[in-house]
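All remarks here apply to the structure that follows.
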Amino acid sequence: MSDIRLRNVRKRFGTNEVIKGIDLDIEEGEFVVLVGPSGCGKSTLLNLVSGLETLSDGDVFIGERKVNDVAPKDRDIAMVFQSYALYPTKSVEDNITFGMVTRHVPRQAREKALAEVADLLHIDTLLARKPGQLSGGQRQRVAMGRALVRNPDVFLFDEPLSNLDAKLRVEMRTEIKKLHRRLGKTVIYVTHDQIEAMSLASRIAVMDNGTIRQVAPPEAIYEEPVDLFVASFIGSPSMNLFKGRVVENSGLHLEVTDEEGTIHFPVPEALAGPARRYLGRELYLGLRPETIGREGTQRPCRATFAFERMIDVVEPTGPDTLLVFTLGGIEAIARVHPEDKAPVDSKYRFEVNMDRAKLFDPETGKRL
Amino acid sequence: MSARQVHGIVRPKSAAATFLRLLLFAVLGLFVLYYLMPLIVMAITAVKPLDEIRTGTLLSLPKDVTFEPTLRAWDSACVGVRCEGLKPYVWNSIAMVIPAVVFSTLLGAINGYALTKWRFRGADVIFGLMLFGAFIPFQVVLLPMARTLGVLGLAGTVPGLVLVHTVYGLAFTTLFFRNFFVGVADGIVQAAKVDGAGFFGIFFRIVLPMAPPAIVVTVIWQFTQIWNDFLFGIAFTVGDSNPVTVALNNLVASSTGVKEYNVDMAAAIIAAIPTLIVYVFAGKYFIRGLSAGAVKG
């Protein structure tokens with residue numbers, strides 16, 4: 001088993017720099033998810049670790065070994081690709097054992113490894129079939145099997161679930177998590193799906209435009225995002241961000257104004273110190289949809305605050321109902337219990353748990 | 001015919017439509033006849049005795065079918081001063097077409113694979129230049145090629161002709177394979193790299209087994225082009241090493257006294273049969289292969 005260290009990693013395609021100096025330490029046995037919008041460089045970063053792309057600058061260490069110029073096959077990694085990338089002309093068995101054949105593993109050892117993996121992934125009845133005769137979920141298992149038989153130090157996953165339908169995706173997600181617990185190997189996993197990232201990772205690295213914005217455990221990414229980008233990327237529906245002016249009015253308040261009137265959100269005590277420095281200037285107030293509910297339904301705490309707005313749209317999702325309203329010129333979303341819903345175009349008393357509110361500097365985007 | 005096949009066929013709905021439909025078929029039938037006429041004339045002339053050709057018309061059916069002209073065309077008609085029929089030249093053509101098709105197809109496949117799956121600086125420029133090669137007329141390369149063959153000591157030989165066809169065919173075979181391999185997911189090659197296979201390992205064990213549609217198209221194309229080629233054959237071979245197309249020309253030209261049309265026609269059929277056979281047996285793969293790149297999946 002190995003840790004992975006990236007030191008000032010850069011990748012240029014021509015004059016276009018897609019990875020702009022990334023430092024990242026991944027500990028042995030960790031499950032790190034690289035997440036970000038498409039084009040942010042997460043797959044490129046994974047390919048730099050795998051060796052399928054060559055570094056323009058910087059160093060990659062796997063364990064104690066610097067692998068900058070080591071071929072992918074000699075890095076002791078295994079990779080699961082987006083769209084499975086199975087060999088279409090080979091049977092499932094040959095797909096899984098191809099790597100061992102090219103490395104001249106003796107037949108007996110090959111068969112033993114194949115049997116173990118086939119048993120683990122429940123694909124032992126499919127070994128003679130061609131990939132074309134398998135369903136999406138089965139292909140996914142074969143692709144995982146091909147990686148597992150290598151018994152490598154490091155697993156690399158490149159959006160492995162993006163081609164599956166929603167139900168299978170959730171199943172395979174759980175299965176990957178179980179496998180990781182059982183094998184305890186280091187994993188780097190690339191996805192654009194933030195729910196996948198939240199549910200799988202021991203740490204999430206949020207990437208944007210060739211840089212890492214934040215690396216932290218899922219809960220910390222969700223509750224303590226470093227900046228506006230991370231705050232709005234993680235979470236679905238995403239965080240409501242209202243622009244307001246800091247005013248002193250028997251306590252520090254954030255004043256949000258629109259044609260329906262002015263609302264003074266009380267600045268929570270914990271943030272009062274830094275917020276005071278912005279007195280008279282503007283700040284972003286970040287409220288997750290689940291921290292806004294019907295008046296009286298928020299968990300009792302000192303910092304609840306109620307206000308009134310019209311409901312524009314009602315979107316039932318099953319367990320919760322989303323109420324869309326307009327505040328400060330933006331469309332905001334509240335996540336309420338289905339029994340708390342109200343008809344469209346009616347006045348509604350919303351209540352906010354201000355203890356979970358975040359404040360962001362509008363210029364730097366950083367959280368206070 | 002099953003119900004599924006009948007479904008969707010447009011049927012005429014009125015008398016006028018029926019009339020138009022009949023007119024359409026009549027016109028189509030005429031085109032078919034027009035197109036097939038040379039082949040019919042060839043085939044019936046080849047099995048007629050000479051006096052029947054002289055007394056009858058072009059289209060009159062043979063009263064007395066004879067394969068004697070075919071046999072003569074095969075092994076005793078005179079080509080120039082050599083009276084062994086087309087047989088030795090057919091063997092020349094076979095000795096030329098098989099290695100030329102194999103080499104040009106294999107090299108085209110490697111080129112297409114390298115150009116799409118092992119991207120390197122300037123790959124697009126190289127592909128552009130190779131594509132340009134497909135548009136260079138035969139006549140332009142005649143003199144430089146003759147000089148090259150002379151320097152290599154291959155002038156006037158079948159191996160020389162194999163080299164010419166291999167080189168000239170590369171532009172087409174590379175184009176076919178490049179377009180096919182562009183549609184093959186890069187992930188498959190990357191997976192094979194992680195699995196430890198090298199350039200040729202991936203080519204022979206992963207990529208080439210996926211390529212039968214492209215291989216069939218290329219082989220048919222190359223076989224037809226090379227077998228039917230006349231210009232390179234007449235320019236780069238002499239006498240005994242002529243391919244069958246050149247020999248056919250010489251056979252027709254070197255009649256002594258009476259013009260034996262039946263032998264000429266039989267010889268033309270012999271020269272055309274191999275490409276016909278290839279098309280009949282592999283034609284459906286040809287159509288399939290041509291459209292294989294168009295729709296992914």
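Residue numbers start at 1 in each chain; chains themselves are named A, B, ... in the order of the structure tokens; ligands are numbered from 1 in the order shown.
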Tell me, counting only C-alpha atoms, for each residue of chain A within 10 Å of chain B, which pair of atoms is nearest and how far apart they are in Å to one decimal, in rows ordered by chain and increasing number, as a tab-separated table.
residue	atom	partner	partner_atom	distance
A:Asn47	CA	B:Gln190	CA	9.7
A:Ser50	CA	B:Val194	CA	8.0
A:Gly51	CA	B:Val194	CA	8.7
A:Leu52	CA	B:Gln190	CA	7.0
A:Ala71	CA	B:Val194	CA	8.4
A:Pro72	CA	B:Val194	CA	5.2
A:Lys73	CA	B:Gly196	CA	4.7
A:Asp74	CA	B:Gly196	CA	7.8
A:Arg75	CA	B:Val194	CA	8.8
A:Asp76	CA	B:Val194	CA	9.1
A:Ile77	CA	B:Val194	CA	7.7
A:Ala78	CA	B:Val194	CA	6.9
A:Met79	CA	B:Ala191	CA	7.3
A:Val80	CA	B:Ala191	CA	8.0
A:Phe81	CA	B:Gly187	CA	6.5
A:Gln82	CA	B:Gly187	CA	7.6
A:Ser83	CA	B:Gly187	CA	8.0
A:Tyr84	CA	B:Gly187	CA	7.9
A:Ala85	CA	B:Ile188	CA	4.5
A:Leu86	CA	B:Ile188	CA	6.3
A:Tyr87	CA	B:Ile188	CA	6.3
A:Pro88	CA	B:Met210	CA	7.2
A:Thr89	CA	B:Met210	CA	6.2
A:Lys90	CA	B:Ile206	CA	8.2
A:Asn95	CA	B:Ala192	CA	9.7
A:Ile96	CA	B:Asp195	CA	9.7
A:Thr97	CA	B:Asp195	CA	9.3
A:Phe98	CA	B:Asp195	CA	6.9
A:Gly99	CA	B:Asp195	CA	4.2
A:Met100	CA	B:Asp195	CA	7.6
A:Val101	CA	B:Asp195	CA	9.1
A:Thr102	CA	B:Gly196	CA	6.0
A:Arg103	CA	B:Gly196	CA	6.7
A:Ala143	CA	B:Ala191	CA	9.7
A:Arg146	CA	B:Asp195	CA	8.9
A:Ala147	CA	B:Asp195	CA	8.9
A:Arg150	CA	B:Asp195	CA	8.7
Deliver the residues from the most recent selection as a file, using N, CA and C atoms, as an mmCIF file, in the first residue's frame.
data_model
loop_
_atom_site.group_PDB
_atom_site.id
_atom_site.type_symbol
_atom_site.label_atom_id
_atom_site.label_comp_id
_atom_site.auth_asym_id
_atom_site.auth_seq_id
_atom_site.Cartn_x
_atom_site.Cartn_y
_atom_site.Cartn_z
ATOM 1 N N ASN A 47 -5.098 11.253 -14.932
ATOM 2 C CA ASN A 47 -4.226 10.655 -15.943
ATOM 3 C C ASN A 47 -2.755 10.961 -15.682
ATOM 4 N N SER A 50 -1.861 8.337 -13.217
ATOM 5 C CA SER A 50 -1.779 7.014 -13.843
ATOM 6 C C SER A 50 -0.608 6.911 -14.811
ATOM 7 N N GLY A 51 -0.145 8.060 -15.307
ATOM 8 C CA GLY A 51 0.948 8.037 -16.283
ATOM 9 C C GLY A 51 0.469 8.017 -17.709
ATOM 10 N N LEU A 52 -0.848 8.086 -17.916
ATOM 11 C CA LEU A 52 -1.357 8.120 -19.294
ATOM 12 C C LEU A 52 -1.117 9.488 -19.928
ATOM 13 N N ALA A 71 6.350 4.236 -16.679
ATOM 14 C CA ALA A 71 5.203 3.906 -17.537
ATOM 15 C C ALA A 71 4.016 3.464 -16.679
ATOM 16 N N PRO A 72 2.773 3.664 -17.192
ATOM 17 C CA PRO A 72 1.583 3.301 -16.404
ATOM 18 C C PRO A 72 1.633 1.870 -15.867
ATOM 19 N N LYS A 73 2.119 0.950 -16.695
ATOM 20 C CA LYS A 73 2.079 -0.456 -16.282
ATOM 21 C C LYS A 73 3.027 -0.745 -15.129
ATOM 22 N N ASP A 74 4.017 0.132 -14.937
ATOM 23 C CA ASP A 74 4.985 -0.100 -13.863
ATOM 24 C C ASP A 74 4.708 0.729 -12.617
ATOM 25 N N ARG A 75 3.538 1.384 -12.558
ATOM 26 C CA ARG A 75 3.261 2.254 -11.412
ATOM 27 C C ARG A 75 2.511 1.536 -10.304
ATOM 28 N N ASP A 76 2.188 0.279 -10.520
ATOM 29 C CA ASP A 76 1.412 -0.493 -9.566
ATOM 30 C C ASP A 76 0.066 0.170 -9.269
ATOM 31 N N ILE A 77 -0.620 0.518 -10.346
ATOM 32 C CA ILE A 77 -1.944 1.112 -10.241
ATOM 33 C C ILE A 77 -2.920 0.264 -11.045
ATOM 34 N N ALA A 78 -4.190 0.412 -10.756
ATOM 35 C CA ALA A 78 -5.209 -0.161 -11.634
ATOM 36 C C ALA A 78 -6.250 0.917 -11.834
ATOM 37 N N MET A 79 -6.872 0.895 -12.999
ATOM 38 C CA MET A 79 -7.746 2.009 -13.333
ATOM 39 C C MET A 79 -9.084 1.491 -13.840
ATOM 40 N N VAL A 80 -10.158 2.155 -13.449
ATOM 41 C CA VAL A 80 -11.478 1.869 -14.006
ATOM 42 C C VAL A 80 -11.886 3.091 -14.812
ATOM 43 N N PHE A 81 -12.225 2.855 -16.084
ATOM 44 C CA PHE A 81 -12.455 3.968 -16.997
ATOM 45 C C PHE A 81 -13.926 4.292 -17.127
ATOM 46 N N GLN A 82 -14.171 5.540 -17.498
ATOM 47 C CA GLN A 82 -15.519 5.941 -17.884
ATOM 48 C C GLN A 82 -15.914 5.097 -19.095
ATOM 49 N N SER A 83 -17.185 4.770 -19.230
ATOM 50 C CA SER A 83 -17.672 3.917 -20.314
ATOM 51 C C SER A 83 -16.943 2.584 -20.365
ATOM 52 N N TYR A 84 -16.479 2.120 -19.214
ATOM 53 C CA TYR A 84 -15.954 0.760 -18.995
ATOM 54 C C TYR A 84 -14.677 0.438 -19.741
ATOM 55 N N ALA A 85 -14.590 0.803 -21.059
ATOM 56 C CA ALA A 85 -13.397 0.501 -21.857
ATOM 57 C C ALA A 85 -13.012 -0.976 -21.789
ATOM 58 N N LEU A 86 -14.014 -1.854 -21.892
ATOM 59 C CA LEU A 86 -13.701 -3.283 -21.978
ATOM 60 C C LEU A 86 -13.209 -3.593 -23.388
ATOM 61 N N TYR A 87 -12.425 -4.680 -23.524
ATOM 62 C CA TYR A 87 -11.966 -5.083 -24.849
ATOM 63 C C TYR A 87 -13.112 -5.829 -25.527
ATOM 64 N N PRO A 88 -13.712 -5.261 -26.575
ATOM 65 C CA PRO A 88 -14.971 -5.806 -27.089
ATOM 66 C C PRO A 88 -14.840 -7.181 -27.724
ATOM 67 N N THR A 89 -13.646 -7.534 -28.209
ATOM 68 C CA THR A 89 -13.519 -8.819 -28.890
ATOM 69 C C THR A 89 -13.120 -9.936 -27.929
ATOM 70 N N LYS A 90 -12.854 -9.597 -26.675
ATOM 71 C CA LYS A 90 -12.422 -10.618 -25.728
ATOM 72 C C LYS A 90 -13.562 -10.990 -24.779
ATOM 73 N N ASN A 95 -10.839 -10.492 -20.703
ATOM 74 C CA ASN A 95 -10.751 -9.090 -20.317
ATOM 75 C C ASN A 95 -10.066 -8.959 -18.968
ATOM 76 N N ILE A 96 -10.487 -9.808 -18.041
ATOM 77 C CA ILE A 96 -9.962 -9.692 -16.675
ATOM 78 C C ILE A 96 -8.514 -10.163 -16.596
ATOM 79 N N THR A 97 -8.175 -11.212 -17.369
ATOM 80 C CA THR A 97 -6.830 -11.778 -17.226
ATOM 81 C C THR A 97 -5.817 -11.178 -18.196
ATOM 82 N N PHE A 98 -6.264 -10.296 -19.097
ATOM 83 C CA PHE A 98 -5.344 -9.764 -20.115
ATOM 84 C C PHE A 98 -4.082 -9.149 -19.499
ATOM 85 N N GLY A 99 -4.274 -8.373 -18.451
ATOM 86 C CA GLY A 99 -3.127 -7.731 -17.805
ATOM 87 C C GLY A 99 -2.147 -8.746 -17.240
ATOM 88 N N MET A 100 -2.692 -9.832 -16.674
ATOM 89 C CA MET A 100 -1.809 -10.864 -16.116
ATOM 90 C C MET A 100 -1.081 -11.614 -17.222
ATOM 91 N N VAL A 101 -1.770 -11.799 -18.368
ATOM 92 C CA VAL A 101 -1.126 -12.473 -19.502
ATOM 93 C C VAL A 101 0.048 -11.635 -20.012
ATOM 94 N N THR A 102 -0.179 -10.317 -20.150
ATOM 95 C CA THR A 102 0.925 -9.488 -20.660
ATOM 96 C C THR A 102 2.073 -9.425 -19.655
ATOM 97 N N ARG A 103 1.786 -9.651 -18.379
ATOM 98 C CA ARG A 103 2.873 -9.633 -17.384
ATOM 99 C C ARG A 103 3.417 -11.030 -17.101
ATOM 100 N N ALA A 143 -15.359 -4.344 -15.474
ATOM 101 C CA ALA A 143 -14.317 -3.313 -15.473
ATOM 102 C C ALA A 143 -13.651 -3.222 -14.105
ATOM 103 N N ARG A 146 -11.391 -6.246 -13.645
ATOM 104 C CA ARG A 146 -10.134 -6.110 -14.356
ATOM 105 C C ARG A 146 -9.127 -5.309 -13.518
ATOM 106 N N ALA A 147 -9.659 -4.327 -12.774
ATOM 107 C CA ALA A 147 -8.770 -3.546 -11.913
ATOM 108 C C ALA A 147 -8.383 -4.340 -10.667
ATOM 109 N N ARG A 150 -5.457 -7.081 -10.426
ATOM 110 C CA ARG A 150 -4.062 -6.610 -10.382
ATOM 111 C C ARG A 150 -3.559 -6.560 -8.955
#
If we count only C-alpha atoms, what is near Asn111 of chain B at a cut-off of 12 Å, once residues fewer than 2 positions away on the same chain are taken out, given as an MDAnalysis selection string? chainID B and resid 103:109 113:119 123 126:127 130:131 170:181 199:200 203
Write to file, as an mmCIF file, in the first residue's frame, the residues of the selection just made, with N, CA and C atoms.
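Done, and the output landed in again.cif:
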data_model
loop_
_atom_site.group_PDB
_atom_site.id
_atom_site.type_symbol
_atom_site.label_atom_id
_atom_site.label_comp_id
_atom_site.auth_asym_id
_atom_site.auth_seq_id
_atom_site.Cartn_x
_atom_site.Cartn_y
_atom_site.Cartn_z
ATOM 1 N N PHE B 103 0.395 -6.420 -47.631
ATOM 2 C CA PHE B 103 1.300 -5.388 -47.108
ATOM 3 C C PHE B 103 0.593 -4.040 -46.968
ATOM 4 N N SER B 104 -0.139 -3.637 -48.017
ATOM 5 C CA SER B 104 -0.740 -2.300 -47.949
ATOM 6 C C SER B 104 -1.819 -2.248 -46.872
ATOM 7 N N THR B 105 -2.557 -3.352 -46.689
ATOM 8 C CA THR B 105 -3.592 -3.368 -45.662
ATOM 9 C C THR B 105 -2.972 -3.318 -44.266
ATOM 10 N N LEU B 106 -1.961 -4.138 -44.065
ATOM 11 C CA LEU B 106 -1.328 -4.199 -42.751
ATOM 12 C C LEU B 106 -0.674 -2.864 -42.394
ATOM 13 N N LEU B 107 0.047 -2.304 -43.347
ATOM 14 C CA LEU B 107 0.710 -1.020 -43.085
ATOM 15 C C LEU B 107 -0.322 0.095 -42.882
ATOM 16 N N GLY B 108 -1.388 0.051 -43.680
ATOM 17 C CA GLY B 108 -2.454 1.041 -43.508
ATOM 18 C C GLY B 108 -3.070 0.940 -42.129
ATOM 19 N N ALA B 109 -3.258 -0.298 -41.648
ATOM 20 C CA ALA B 109 -3.842 -0.502 -40.324
ATOM 21 C C ALA B 109 -2.923 0.054 -39.240
ATOM 22 N N TYR B 113 -3.829 3.254 -36.854
ATOM 23 C CA TYR B 113 -3.770 3.047 -35.397
ATOM 24 C C TYR B 113 -2.825 4.050 -34.748
ATOM 25 N N ALA B 114 -1.647 4.229 -35.343
ATOM 26 C CA ALA B 114 -0.674 5.171 -34.775
ATOM 27 C C ALA B 114 -1.192 6.603 -34.852
ATOM 28 N N LEU B 115 -1.865 6.932 -35.957
ATOM 29 C CA LEU B 115 -2.339 8.305 -36.137
ATOM 30 C C LEU B 115 -3.486 8.654 -35.198
ATOM 31 N N THR B 116 -4.253 7.655 -34.750
ATOM 32 C CA THR B 116 -5.401 7.973 -33.902
ATOM 33 C C THR B 116 -5.164 7.656 -32.435
ATOM 34 N N LYS B 117 -4.400 6.620 -32.142
ATOM 35 C CA LYS B 117 -4.302 6.173 -30.745
ATOM 36 C C LYS B 117 -2.967 6.490 -30.085
ATOM 37 N N TRP B 118 -1.974 6.897 -30.856
ATOM 38 C CA TRP B 118 -0.700 7.301 -30.262
ATOM 39 C C TRP B 118 -0.387 8.682 -30.815
ATOM 40 N N ARG B 119 -1.231 9.628 -30.449
ATOM 41 C CA ARG B 119 -1.126 10.978 -30.993
ATOM 42 C C ARG B 119 0.272 11.531 -30.759
ATOM 43 N N ALA B 123 0.898 14.831 -36.124
ATOM 44 C CA ALA B 123 0.117 13.705 -36.652
ATOM 45 C C ALA B 123 -0.878 14.180 -37.714
ATOM 46 N N ILE B 126 0.892 14.927 -40.983
ATOM 47 C CA ILE B 126 1.264 13.692 -41.674
ATOM 48 C C ILE B 126 0.043 13.045 -42.321
ATOM 49 N N PHE B 127 -1.065 13.034 -41.581
ATOM 50 C CA PHE B 127 -2.276 12.458 -42.148
ATOM 51 C C PHE B 127 -2.726 13.262 -43.370
ATOM 52 N N MET B 130 -0.619 12.290 -46.262
ATOM 53 C CA MET B 130 -0.959 10.957 -46.769
ATOM 54 C C MET B 130 -2.246 10.998 -47.567
ATOM 55 N N LEU B 131 -3.191 11.800 -47.062
ATOM 56 C CA LEU B 131 -4.467 11.942 -47.748
ATOM 57 C C LEU B 131 -4.250 12.552 -49.134
ATOM 58 N N LEU B 170 -1.048 2.817 -49.909
ATOM 59 C CA LEU B 170 -0.993 3.243 -48.507
ATOM 60 C C LEU B 170 -1.908 4.420 -48.195
ATOM 61 N N ALA B 171 -1.996 5.369 -49.115
ATOM 62 C CA ALA B 171 -2.825 6.550 -48.859
ATOM 63 C C ALA B 171 -4.262 6.127 -48.588
ATOM 64 N N PHE B 172 -4.771 5.205 -49.427
ATOM 65 C CA PHE B 172 -6.156 4.772 -49.265
ATOM 66 C C PHE B 172 -6.331 3.915 -48.021
ATOM 67 N N THR B 173 -5.434 2.953 -47.830
ATOM 68 C CA THR B 173 -5.619 2.046 -46.696
ATOM 69 C C THR B 173 -5.482 2.814 -45.386
ATOM 70 N N THR B 174 -4.555 3.775 -45.327
ATOM 71 C CA THR B 174 -4.411 4.575 -44.111
ATOM 72 C C THR B 174 -5.687 5.360 -43.841
ATOM 73 N N LEU B 175 -6.244 5.935 -44.887
ATOM 74 C CA LEU B 175 -7.486 6.698 -44.742
ATOM 75 C C LEU B 175 -8.613 5.821 -44.191
ATOM 76 N N PHE B 176 -8.789 4.624 -44.779
ATOM 77 C CA PHE B 176 -9.851 3.725 -44.314
ATOM 78 C C PHE B 176 -9.673 3.385 -42.831
ATOM 79 N N PHE B 177 -8.454 2.976 -42.459
ATOM 80 C CA PHE B 177 -8.239 2.517 -41.088
ATOM 81 C C PHE B 177 -8.262 3.671 -40.098
ATOM 82 N N ARG B 178 -7.726 4.819 -40.522
ATOM 83 C CA ARG B 178 -7.745 5.969 -39.624
ATOM 84 C C ARG B 178 -9.192 6.328 -39.284
ATOM 85 N N ASN B 179 -10.051 6.354 -40.299
ATOM 86 C CA ASN B 179 -11.442 6.711 -40.059
ATOM 87 C C ASN B 179 -12.149 5.674 -39.201
ATOM 88 N N PHE B 180 -11.754 4.424 -39.326
ATOM 89 C CA PHE B 180 -12.359 3.400 -38.475
ATOM 90 C C PHE B 180 -11.875 3.531 -37.030
ATOM 91 N N PHE B 181 -10.574 3.702 -36.845
ATOM 92 C CA PHE B 181 -10.011 3.718 -35.491
ATOM 93 C C PHE B 181 -10.374 4.991 -34.729
ATOM 94 N N PHE B 199 2.962 -1.019 -27.853
ATOM 95 C CA PHE B 199 2.410 -0.536 -29.122
ATOM 96 C C PHE B 199 1.881 -1.680 -29.984
ATOM 97 N N PHE B 200 2.728 -2.673 -30.242
ATOM 98 C CA PHE B 200 2.300 -3.768 -31.108
ATOM 99 C C PHE B 200 1.406 -4.764 -30.380
ATOM 100 N N PHE B 203 -1.901 -3.335 -30.659
ATOM 101 C CA PHE B 203 -2.354 -3.390 -32.046
ATOM 102 C C PHE B 203 -2.854 -4.789 -32.417
#
As a compact mmCIF listing (two decimals) with C-alpha atoms, in the first residue's frame, list the residues of segment 317-358 of chain A assigned to strand (DSSP E) by DSSP on the backbone atoms of this structure.
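Full text of result.txt as output:
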# COMPACT_ATOMS: atom_id res chain seq x y z
CA THR A 321 -40.89 19.79 -0.93
CA LEU A 322 -38.95 22.67 -2.44
CA LEU A 323 -40.47 26.13 -2.24
CA VAL A 324 -39.05 28.66 -4.67
CA PHE A 325 -39.30 32.33 -3.72
CA THR A 326 -37.59 35.56 -4.72
CA LEU A 327 -35.43 37.48 -2.30
CA ILE A 330 -32.44 36.05 -6.80
CA GLU A 331 -34.49 32.87 -6.90
CA ALA A 332 -34.11 31.16 -3.57
CA ILE A 333 -35.10 27.66 -2.54
CA ALA A 334 -36.37 26.42 0.80
CA ARG A 335 -36.55 22.73 1.62
CA VAL A 336 -39.63 22.10 3.79
CA LYS A 347 -47.63 34.67 1.48
CA TYR A 348 -45.45 32.32 3.50
CA ARG A 349 -43.59 32.82 6.78
CA PHE A 350 -40.11 31.38 6.37
CA GLU A 351 -37.80 30.70 9.28
CA VAL A 352 -34.03 30.55 8.98
CA ASN A 353 -31.53 28.84 11.27
CA LYS A 358 -22.32 31.57 6.04
Quick one: everything within 6 Å of Glu28 of chain A, counting only C-alpha atoms, minus sequence neighbours fewer than 2 positions away in the same chain. Send it as a PDB file with C-alpha atoms, in the first residue's frame.
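Final output, around.pdb:
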ATOM      1  CA  SER A   2       1.139   3.482  -0.786  1.00  0.00           C
ATOM      2  CA  ASP A   3       0.412   7.091  -0.207  1.00  0.00           C
ATOM      3  CA  GLU A  30      -7.617   7.062   1.844  1.00  0.00           C
ATOM      4  CA  THR A 186      -5.665   4.029  -1.651  1.00  0.00           C
TER       5      THR A 186
END
Need the shell around Leu161 of chain B: protein/DNA/RNA residues with any atom at most 12 Å away, counting only C-alpha atoms. Skip same-chain ones fewer than 2 positions apart. Format as a ChimeraX atom specification? /B:92-101,142,145-146,148-149,154-159,163-169,226-227,229-238,241-243
Output C-alpha atoms for every residue in the selection just made, as a compact mmCIF listing (two decimals), in the first residue's frame.
# COMPACT_ATOMS: atom_id res chain seq x y z
CA ASN B 92 1.71 -13.24 -62.17
CA SER B 93 -1.31 -11.22 -61.11
CA ILE B 94 -1.98 -13.49 -58.16
CA ALA B 95 1.67 -13.33 -57.12
CA MET B 96 1.37 -9.54 -57.30
CA VAL B 97 -2.04 -8.95 -55.79
CA ILE B 98 -1.77 -11.12 -52.68
CA PRO B 99 1.41 -9.66 -51.18
CA ALA B 100 0.48 -6.15 -52.32
CA VAL B 101 -2.94 -6.36 -50.65
CA LEU B 142 5.40 6.91 -63.23
CA MET B 145 8.81 5.30 -59.57
CA ALA B 146 10.59 3.86 -62.60
CA THR B 148 13.30 4.14 -57.87
CA LEU B 149 12.68 0.61 -59.13
CA LEU B 154 13.39 -4.32 -59.15
CA ALA B 155 12.60 -2.89 -62.57
CA GLY B 156 10.52 -5.20 -64.75
CA THR B 157 9.76 -7.72 -61.98
CA VAL B 158 6.64 -8.80 -60.09
CA PRO B 159 8.17 -7.83 -56.69
CA LEU B 163 6.25 -2.45 -54.07
CA VAL B 164 4.58 0.09 -56.37
CA HIS B 165 1.08 -1.02 -55.44
CA THR B 166 1.89 -1.20 -51.74
CA VAL B 167 3.26 2.33 -51.70
CA TYR B 168 0.53 3.75 -53.88
CA GLY B 169 -2.19 1.96 -51.89
CA ILE B 226 -4.48 -3.75 -57.96
CA TRP B 227 -5.97 -6.58 -59.99
CA ASP B 229 -4.52 -1.90 -62.75
CA PHE B 230 -3.17 -1.59 -66.28
CA LEU B 231 -0.93 1.49 -66.21
CA PHE B 232 1.57 0.40 -63.57
CA GLY B 233 1.54 -3.08 -65.06
CA ILE B 234 2.43 -1.95 -68.54
CA ALA B 235 4.92 0.65 -67.34
CA PHE B 236 6.89 -1.40 -64.84
CA THR B 237 6.85 -4.97 -66.20
CA VAL B 238 8.13 -6.59 -69.36
CA SER B 241 6.25 -10.59 -65.79
CA ASN B 242 3.15 -8.81 -67.17
CA PRO B 243 0.00 -8.94 -65.04
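Atom CA of Asn151 of chain A is positioned 16.5 Å from atom CA of Glu93 of chain A.
Here atom CA of Ile44 of chain B is placed at a distance of 23.6 Å from atom CA of Glu84 of chain B.
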Long-range neighbours of segment 275-278 of chain A as a PDB file with C-alpha atoms, in the first residue's frame, 9 Å cut-off, only C-alpha atoms, 6 positions minimum in chain:
ATOM      1  CA  ARG A 245     -25.322  45.374   3.347  1.00  0.00           C
ATOM      2  CA  VAL A 246     -23.911  45.119   6.877  1.00  0.00           C
ATOM      3  CA  VAL A 247     -25.705  47.587   9.185  1.00  0.00           C
ATOM      4  CA  GLU A 248     -25.592  48.315  12.929  1.00  0.00           C
ATOM      5  CA  LEU A 252     -25.209  43.636  13.634  1.00  0.00           C
ATOM      6  CA  VAL A 267     -25.594  38.258  11.936  1.00  0.00           C
ATOM      7  CA  LEU A 359     -20.915  34.927   5.071  1.00  0.00           C
ATOM      8  CA  ASP A 361     -16.530  38.430   0.981  1.00  0.00           C
ATOM      9  CA  LEU A 368     -15.579  34.830   6.749  1.00  0.00           C
TER      10      LEU A 368
END
